[in-house]
$ cat query-v2.cif   # mmCIF, N, CA, C and O atoms
data_structure
loop_
_atom_site.group_PDB
_atom_site.id
_atom_site.type_symbol
_atom_site.label_atom_id
_atom_site.label_comp_id
_atom_site.auth_asym_id
_atom_site.auth_seq_id
_atom_site.Cartn_x
_atom_site.Cartn_y
_atom_site.Cartn_z
ATOM 1 N N MET A 1 -30.172 7.302 2.131
ATOM 2 C CA MET A 1 -29.493 6.467 1.167
ATOM 3 C C MET A 1 -28.182 7.146 0.805
ATOM 4 O O MET A 1 -28.121 8.353 0.632
ATOM 5 N N LYS A 2 -27.122 6.340 0.680
ATOM 6 C CA LYS A 2 -25.796 6.847 0.347
ATOM 7 C C LYS A 2 -25.177 5.962 -0.725
ATOM 8 O O LYS A 2 -25.653 4.866 -0.980
ATOM 9 N N VAL A 3 -24.088 6.461 -1.330
ATOM 10 C CA VAL A 3 -23.323 5.659 -2.285
ATOM 11 C C VAL A 3 -21.849 5.717 -1.912
ATOM 12 O O VAL A 3 -21.370 6.674 -1.312
ATOM 13 N N LYS A 4 -21.136 4.665 -2.257
ATOM 14 C CA LYS A 4 -19.688 4.591 -2.078
ATOM 15 C C LYS A 4 -19.108 4.052 -3.373
ATOM 16 O O LYS A 4 -19.579 3.038 -3.902
ATOM 17 N N ILE A 5 -18.109 4.739 -3.914
ATOM 18 C CA ILE A 5 -17.481 4.358 -5.180
ATOM 19 C C ILE A 5 -16.091 3.778 -4.894
ATOM 20 O O ILE A 5 -15.322 4.337 -4.118
ATOM 21 N N PHE A 6 -15.783 2.674 -5.539
ATOM 22 C CA PHE A 6 -14.466 2.046 -5.463
ATOM 23 C C PHE A 6 -13.908 1.958 -6.875
ATOM 24 O O PHE A 6 -14.633 1.619 -7.809
ATOM 25 N N ASP A 7 -12.603 2.226 -7.022
ATOM 26 C CA ASP A 7 -11.945 2.171 -8.329
ATOM 27 C C ASP A 7 -10.540 1.629 -8.129
ATOM 28 O O ASP A 7 -9.721 2.264 -7.469
ATOM 29 N N MET A 8 -10.281 0.431 -8.656
ATOM 30 C CA MET A 8 -8.997 -0.228 -8.441
ATOM 31 C C MET A 8 -8.432 -0.756 -9.764
ATOM 32 O O MET A 8 -9.161 -0.961 -10.720
ATOM 33 N N GLU A 9 -7.133 -0.993 -9.772
ATOM 34 C CA GLU A 9 -6.472 -1.553 -10.956
ATOM 35 C C GLU A 9 -6.457 -3.071 -10.946
ATOM 36 O O GLU A 9 -6.123 -3.692 -11.948
ATOM 37 N N ASP A 10 -6.814 -3.676 -9.808
ATOM 38 C CA ASP A 10 -6.766 -5.128 -9.671
ATOM 39 C C ASP A 10 -8.052 -5.600 -9.010
ATOM 40 O O ASP A 10 -8.526 -4.985 -8.056
ATOM 41 N N GLU A 11 -8.612 -6.694 -9.496
ATOM 42 C CA GLU A 11 -9.885 -7.183 -8.954
ATOM 43 C C GLU A 11 -9.763 -7.631 -7.504
ATOM 44 O O GLU A 11 -10.706 -7.480 -6.712
ATOM 45 N N LYS A 12 -8.611 -8.133 -7.103
ATOM 46 C CA LYS A 12 -8.409 -8.540 -5.703
ATOM 47 C C LYS A 12 -8.376 -7.323 -4.772
ATOM 48 O O LYS A 12 -8.866 -7.375 -3.649
ATOM 49 N N ASP A 13 -7.792 -6.220 -5.250
ATOM 50 C CA ASP A 13 -7.798 -4.984 -4.462
ATOM 51 C C ASP A 13 -9.215 -4.452 -4.295
ATOM 52 O O ASP A 13 -9.588 -3.964 -3.225
ATOM 53 N N LEU A 14 -10.016 -4.545 -5.344
ATOM 54 C CA LEU A 14 -11.414 -4.105 -5.278
ATOM 55 C C LEU A 14 -12.184 -4.964 -4.277
ATOM 56 O O LEU A 14 -12.919 -4.444 -3.429
ATOM 57 N N GLU A 15 -11.993 -6.253 -4.361
ATOM 58 C CA GLU A 15 -12.664 -7.178 -3.441
ATOM 59 C C GLU A 15 -12.293 -6.860 -1.995
ATOM 60 O O GLU A 15 -13.161 -6.790 -1.116
ATOM 61 N N SER A 16 -11.030 -6.649 -1.744
ATOM 62 C CA SER A 16 -10.559 -6.345 -0.399
ATOM 63 C C SER A 16 -11.139 -5.024 0.117
ATOM 64 O O SER A 16 -11.577 -4.935 1.269
ATOM 65 N N ALA A 17 -11.137 -4.002 -0.726
ATOM 66 C CA ALA A 17 -11.665 -2.693 -0.324
ATOM 67 C C ALA A 17 -13.156 -2.770 0.004
ATOM 68 O O ALA A 17 -13.614 -2.179 0.991
ATOM 69 N N ILE A 18 -13.911 -3.502 -0.801
ATOM 70 C CA ILE A 18 -15.347 -3.643 -0.548
ATOM 71 C C ILE A 18 -15.585 -4.431 0.737
ATOM 72 O O ILE A 18 -16.408 -4.043 1.572
ATOM 73 N N ASN A 19 -14.860 -5.520 0.937
ATOM 74 C CA ASN A 19 -15.015 -6.311 2.161
ATOM 75 C C ASN A 19 -14.648 -5.504 3.403
ATOM 76 O O ASN A 19 -15.290 -5.642 4.447
ATOM 77 N N ASP A 20 -13.632 -4.653 3.307
ATOM 78 C CA ASP A 20 -13.262 -3.793 4.431
ATOM 79 C C ASP A 20 -14.348 -2.759 4.730
ATOM 80 O O ASP A 20 -14.545 -2.372 5.881
ATOM 81 N N PHE A 21 -15.044 -2.302 3.696
ATOM 82 C CA PHE A 21 -16.089 -1.289 3.853
ATOM 83 C C PHE A 21 -17.360 -1.867 4.483
ATOM 84 O O PHE A 21 -18.006 -1.217 5.301
ATOM 85 N N LEU A 22 -17.709 -3.086 4.111
ATOM 86 C CA LEU A 22 -18.954 -3.686 4.586
ATOM 87 C C LEU A 22 -18.853 -4.069 6.058
ATOM 88 O O LEU A 22 -17.853 -4.602 6.502
ATOM 89 N N ASP A 23 -19.921 -3.780 6.788
ATOM 90 C CA ASP A 23 -20.011 -4.211 8.187
ATOM 91 C C ASP A 23 -21.482 -4.361 8.572
ATOM 92 O O ASP A 23 -22.372 -4.168 7.741
ATOM 93 N N ASP A 24 -21.730 -4.678 9.825
ATOM 94 C CA ASP A 24 -23.098 -4.932 10.286
ATOM 95 C C ASP A 24 -23.959 -3.674 10.325
ATOM 96 O O ASP A 24 -25.180 -3.768 10.401
ATOM 97 N N ASP A 25 -23.334 -2.492 10.283
ATOM 98 C CA ASP A 25 -24.088 -1.236 10.337
ATOM 99 C C ASP A 25 -24.584 -0.777 8.974
ATOM 100 O O ASP A 25 -25.201 0.273 8.856
ATOM 101 N N ILE A 26 -24.291 -1.544 7.933
ATOM 102 C CA ILE A 26 -24.652 -1.151 6.569
ATOM 103 C C ILE A 26 -25.654 -2.149 5.985
ATOM 104 O O ILE A 26 -25.450 -3.355 6.059
ATOM 105 N N GLU A 27 -26.705 -1.604 5.395
ATOM 106 C CA GLU A 27 -27.653 -2.432 4.644
ATOM 107 C C GLU A 27 -27.467 -2.126 3.160
ATOM 108 O O GLU A 27 -27.734 -1.018 2.704
ATOM 109 N N VAL A 28 -26.946 -3.092 2.418
ATOM 110 C CA VAL A 28 -26.684 -2.903 0.988
ATOM 111 C C VAL A 28 -27.989 -2.989 0.215
ATOM 112 O O VAL A 28 -28.742 -3.949 0.340
ATOM 113 N N ILE A 29 -28.234 -1.968 -0.595
ATOM 114 C CA ILE A 29 -29.417 -1.942 -1.449
ATOM 115 C C ILE A 29 -29.084 -2.519 -2.823
ATOM 116 O O ILE A 29 -29.833 -3.306 -3.375
ATOM 117 N N ASP A 30 -27.917 -2.126 -3.354
ATOM 118 C CA ASP A 30 -27.507 -2.611 -4.680
ATOM 119 C C ASP A 30 -26.006 -2.412 -4.848
ATOM 120 O O ASP A 30 -25.416 -1.543 -4.213
ATOM 121 N N ILE A 31 -25.411 -3.225 -5.699
ATOM 122 C CA ILE A 31 -24.010 -3.068 -6.074
ATOM 123 C C ILE A 31 -23.922 -3.079 -7.594
ATOM 124 O O ILE A 31 -24.418 -3.993 -8.239
ATOM 125 N N LYS A 32 -23.315 -2.051 -8.145
ATOM 126 C CA LYS A 32 -23.074 -1.956 -9.588
ATOM 127 C C LYS A 32 -21.582 -2.181 -9.812
ATOM 128 O O LYS A 32 -20.745 -1.547 -9.176
ATOM 129 N N TYR A 33 -21.253 -3.097 -10.717
ATOM 130 C CA TYR A 33 -19.872 -3.493 -10.963
ATOM 131 C C TYR A 33 -19.526 -3.234 -12.419
ATOM 132 O O TYR A 33 -20.375 -3.439 -13.303
ATOM 133 N N GLN A 34 -18.295 -2.772 -12.674
ATOM 134 C CA GLN A 34 -17.894 -2.477 -14.044
ATOM 135 C C GLN A 34 -16.412 -2.769 -14.235
ATOM 136 O O GLN A 34 -15.608 -2.534 -13.343
ATOM 137 N N VAL A 35 -16.084 -3.283 -15.415
ATOM 138 C CA VAL A 35 -14.687 -3.502 -15.799
ATOM 139 C C VAL A 35 -14.463 -2.784 -17.115
ATOM 140 O O VAL A 35 -15.267 -2.890 -18.040
ATOM 141 N N SER A 36 -13.369 -2.045 -17.189
ATOM 142 C CA SER A 36 -13.009 -1.431 -18.460
ATOM 143 C C SER A 36 -11.557 -1.772 -18.772
ATOM 144 O O SER A 36 -10.750 -1.995 -17.872
ATOM 145 N N ALA A 37 -11.260 -1.826 -20.050
ATOM 146 C CA ALA A 37 -9.906 -2.148 -20.493
ATOM 147 C C ALA A 37 -9.496 -1.174 -21.588
ATOM 148 O O ALA A 37 -10.321 -0.736 -22.389
ATOM 149 N N SER A 38 -8.226 -0.821 -21.569
ATOM 150 C CA SER A 38 -7.691 0.040 -22.618
ATOM 151 C C SER A 38 -6.261 -0.397 -22.909
ATOM 152 O O SER A 38 -5.663 -1.155 -22.154
ATOM 153 N N VAL A 39 -5.725 0.107 -23.999
ATOM 154 C CA VAL A 39 -4.362 -0.232 -24.391
ATOM 155 C C VAL A 39 -3.538 1.053 -24.419
ATOM 156 O O VAL A 39 -3.941 2.055 -24.997
ATOM 157 N N PHE A 40 -2.408 1.006 -23.726
ATOM 158 C CA PHE A 40 -1.463 2.120 -23.714
ATOM 159 C C PHE A 40 -0.125 1.558 -24.158
ATOM 160 O O PHE A 40 0.458 0.708 -23.494
ATOM 161 N N SER A 41 0.353 2.016 -25.307
ATOM 162 C CA SER A 41 1.545 1.442 -25.934
ATOM 163 C C SER A 41 1.260 -0.024 -26.204
ATOM 164 O O SER A 41 0.313 -0.347 -26.891
ATOM 165 N N GLU A 42 2.048 -0.910 -25.602
ATOM 166 C CA GLU A 42 1.804 -2.341 -25.769
ATOM 167 C C GLU A 42 1.220 -2.956 -24.509
ATOM 168 O O GLU A 42 1.091 -4.170 -24.411
ATOM 169 N N GLU A 43 0.851 -2.114 -23.546
ATOM 170 C CA GLU A 43 0.341 -2.597 -22.268
ATOM 171 C C GLU A 43 -1.187 -2.479 -22.218
ATOM 172 O O GLU A 43 -1.747 -1.456 -22.605
ATOM 173 N N GLN A 44 -1.823 -3.530 -21.760
ATOM 174 C CA GLN A 44 -3.266 -3.515 -21.579
ATOM 175 C C GLN A 44 -3.569 -3.108 -20.138
ATOM 176 O O GLN A 44 -3.009 -3.669 -19.191
ATOM 177 N N ILE A 45 -4.429 -2.117 -19.972
ATOM 178 C CA ILE A 45 -4.737 -1.567 -18.651
ATOM 179 C C ILE A 45 -6.194 -1.873 -18.307
ATOM 180 O O ILE A 45 -7.094 -1.635 -19.117
ATOM 181 N N TYR A 46 -6.407 -2.386 -17.097
ATOM 182 C CA TYR A 46 -7.752 -2.702 -16.629
ATOM 183 C C TYR A 46 -8.135 -1.758 -15.492
ATOM 184 O O TYR A 46 -7.284 -1.315 -14.725
ATOM 185 N N CYS A 47 -9.417 -1.497 -15.401
ATOM 186 C CA CYS A 47 -9.954 -0.702 -14.307
ATOM 187 C C CYS A 47 -11.189 -1.432 -13.779
ATOM 188 O O CYS A 47 -12.126 -1.705 -14.538
ATOM 189 N N PHE A 48 -11.177 -1.784 -12.512
ATOM 190 C CA PHE A 48 -12.283 -2.483 -11.869
ATOM 191 C C PHE A 48 -12.948 -1.503 -10.916
ATOM 192 O O PHE A 48 -12.279 -0.928 -10.047
ATOM 193 N N SER A 49 -14.240 -1.282 -11.092
ATOM 194 C CA SER A 49 -14.928 -0.331 -10.230
ATOM 195 C C SER A 49 -16.269 -0.892 -9.772
ATOM 196 O O SER A 49 -16.847 -1.776 -10.399
ATOM 197 N N ALA A 50 -16.715 -0.352 -8.647
ATOM 198 C CA ALA A 50 -18.002 -0.753 -8.091
ATOM 199 C C ALA A 50 -18.617 0.435 -7.375
ATOM 200 O O ALA A 50 -17.912 1.272 -6.806
ATOM 201 N N MET A 51 -19.939 0.509 -7.432
ATOM 202 C CA MET A 51 -20.680 1.497 -6.684
ATOM 203 C C MET A 51 -21.637 0.741 -5.772
ATOM 204 O O MET A 51 -22.421 -0.087 -6.234
ATOM 205 N N ILE A 52 -21.540 1.012 -4.485
ATOM 206 C CA ILE A 52 -22.429 0.373 -3.527
ATOM 207 C C ILE A 52 -23.472 1.406 -3.094
ATOM 208 O O ILE A 52 -23.117 2.515 -2.655
ATOM 209 N N ILE A 53 -24.717 1.065 -3.250
ATOM 210 C CA ILE A 53 -25.822 1.896 -2.778
ATOM 211 C C ILE A 53 -26.279 1.267 -1.464
ATOM 212 O O ILE A 53 -26.582 0.091 -1.420
ATOM 213 N N TYR A 54 -26.306 2.083 -0.406
ATOM 214 C CA TYR A 54 -26.551 1.508 0.924
ATOM 215 C C TYR A 54 -27.248 2.499 1.847
ATOM 216 O O TYR A 54 -27.327 3.699 1.551
ATOM 217 N N THR A 55 -27.702 1.991 2.960
ATOM 218 C CA THR A 55 -28.185 2.822 4.064
ATOM 219 C C THR A 55 -27.452 2.384 5.317
ATOM 220 O O THR A 55 -26.949 1.254 5.403
ATOM 221 N N LYS A 56 -27.364 3.274 6.270
ATOM 222 C CA LYS A 56 -26.725 2.976 7.554
ATOM 223 C C LYS A 56 -27.803 2.518 8.528
ATOM 224 O O LYS A 56 -28.865 3.113 8.629
ATOM 225 N N ASN A 57 -27.532 1.455 9.258
ATOM 226 C CA ASN A 57 -28.402 0.991 10.335
ATOM 227 C C ASN A 57 -27.951 1.666 11.623
ATOM 228 O O ASN A 57 -26.821 1.492 12.034
ATOM 229 N N TYR A 58 -28.826 2.428 12.207
ATOM 230 C CA TYR A 58 -28.469 3.132 13.458
ATOM 231 C C TYR A 58 -29.120 2.481 14.637
ATOM 232 O O TYR A 58 -30.096 1.913 14.663
#

$ encode --input "query-v2.cif" --output "structure tokens"
Amino acid sequence: MKVKIFDMEDEKDLESAINDFLDDDIEVIDIKYQVSASVFSEEQIYCFSAMIIYTKNY
């Protein structure tokens, strides 16, 4: 069993990174998704992250 962590500033970038990672050699066990937001000065900052728990099919 392995894990892969993704951390992006944009949800579309996260989606793209996860789709690029997934292939037929991977069996996904679980995906944990999280969004956090903070304020810096007058700017709102988002962080989109996901952890994929998987095994490799050999």

$ residues_around --input "query-v2.cif" --residues "range 7-20 of chain A" --least-positions-apart "5" --cutoff "6 Å" --atoms "only C-alpha atoms" --output "number ranges by chain"
A: 46-49

$ residues_near_point --input "query-v2.cif" --point "(-18.0, -0.9, -8.6)" --cutoff "7 Å" --atoms "only C-alpha atoms" --output "ChimeraX atom specification"
/A:5-7,31-34,48-52

$ select_by_dssp --input "query-v2.cif" --residues "chain A" --states "helix (DSSP H, G or I)" --output "JSON, numbers by chain"
{"A": [11, 12, 13, 14, 15, 16, 17, 18, 19, 20, 21]}

$ atom_distance --input "query-v2.cif" --atom1 "CA of Met1 in chain A" --atom2 "CA of Glu27 in chain A"
9.7 Å

$ atom_distance --input "query-v2.cif" --atom1 "atom C of Val35 in chain A" --atom2 "atom N of Ile53 in chain A"
17.7 Å

$ select_by_dssp --input "query-v2.cif" --residues "chain A" --states "strand (DSSP E or B)" --output "PyMOL selection string"
chain A and resi 2-8+26-40+43-56

$ atom_distance --input "query-v2.cif" --atom1 "atom C of Lys2 in chain A" --atom2 "atom N of Leu22 in chain A"
12.7 Å

$ residues_near_point --input "query-v2.cif" --point "(-28.2, -1.0, -1.9)" --cutoff "6 Å" --atoms "only C-alpha atoms" --output "list in words"
Val28, Ile29, Asp30, Ile53 and Tyr54 of chain A
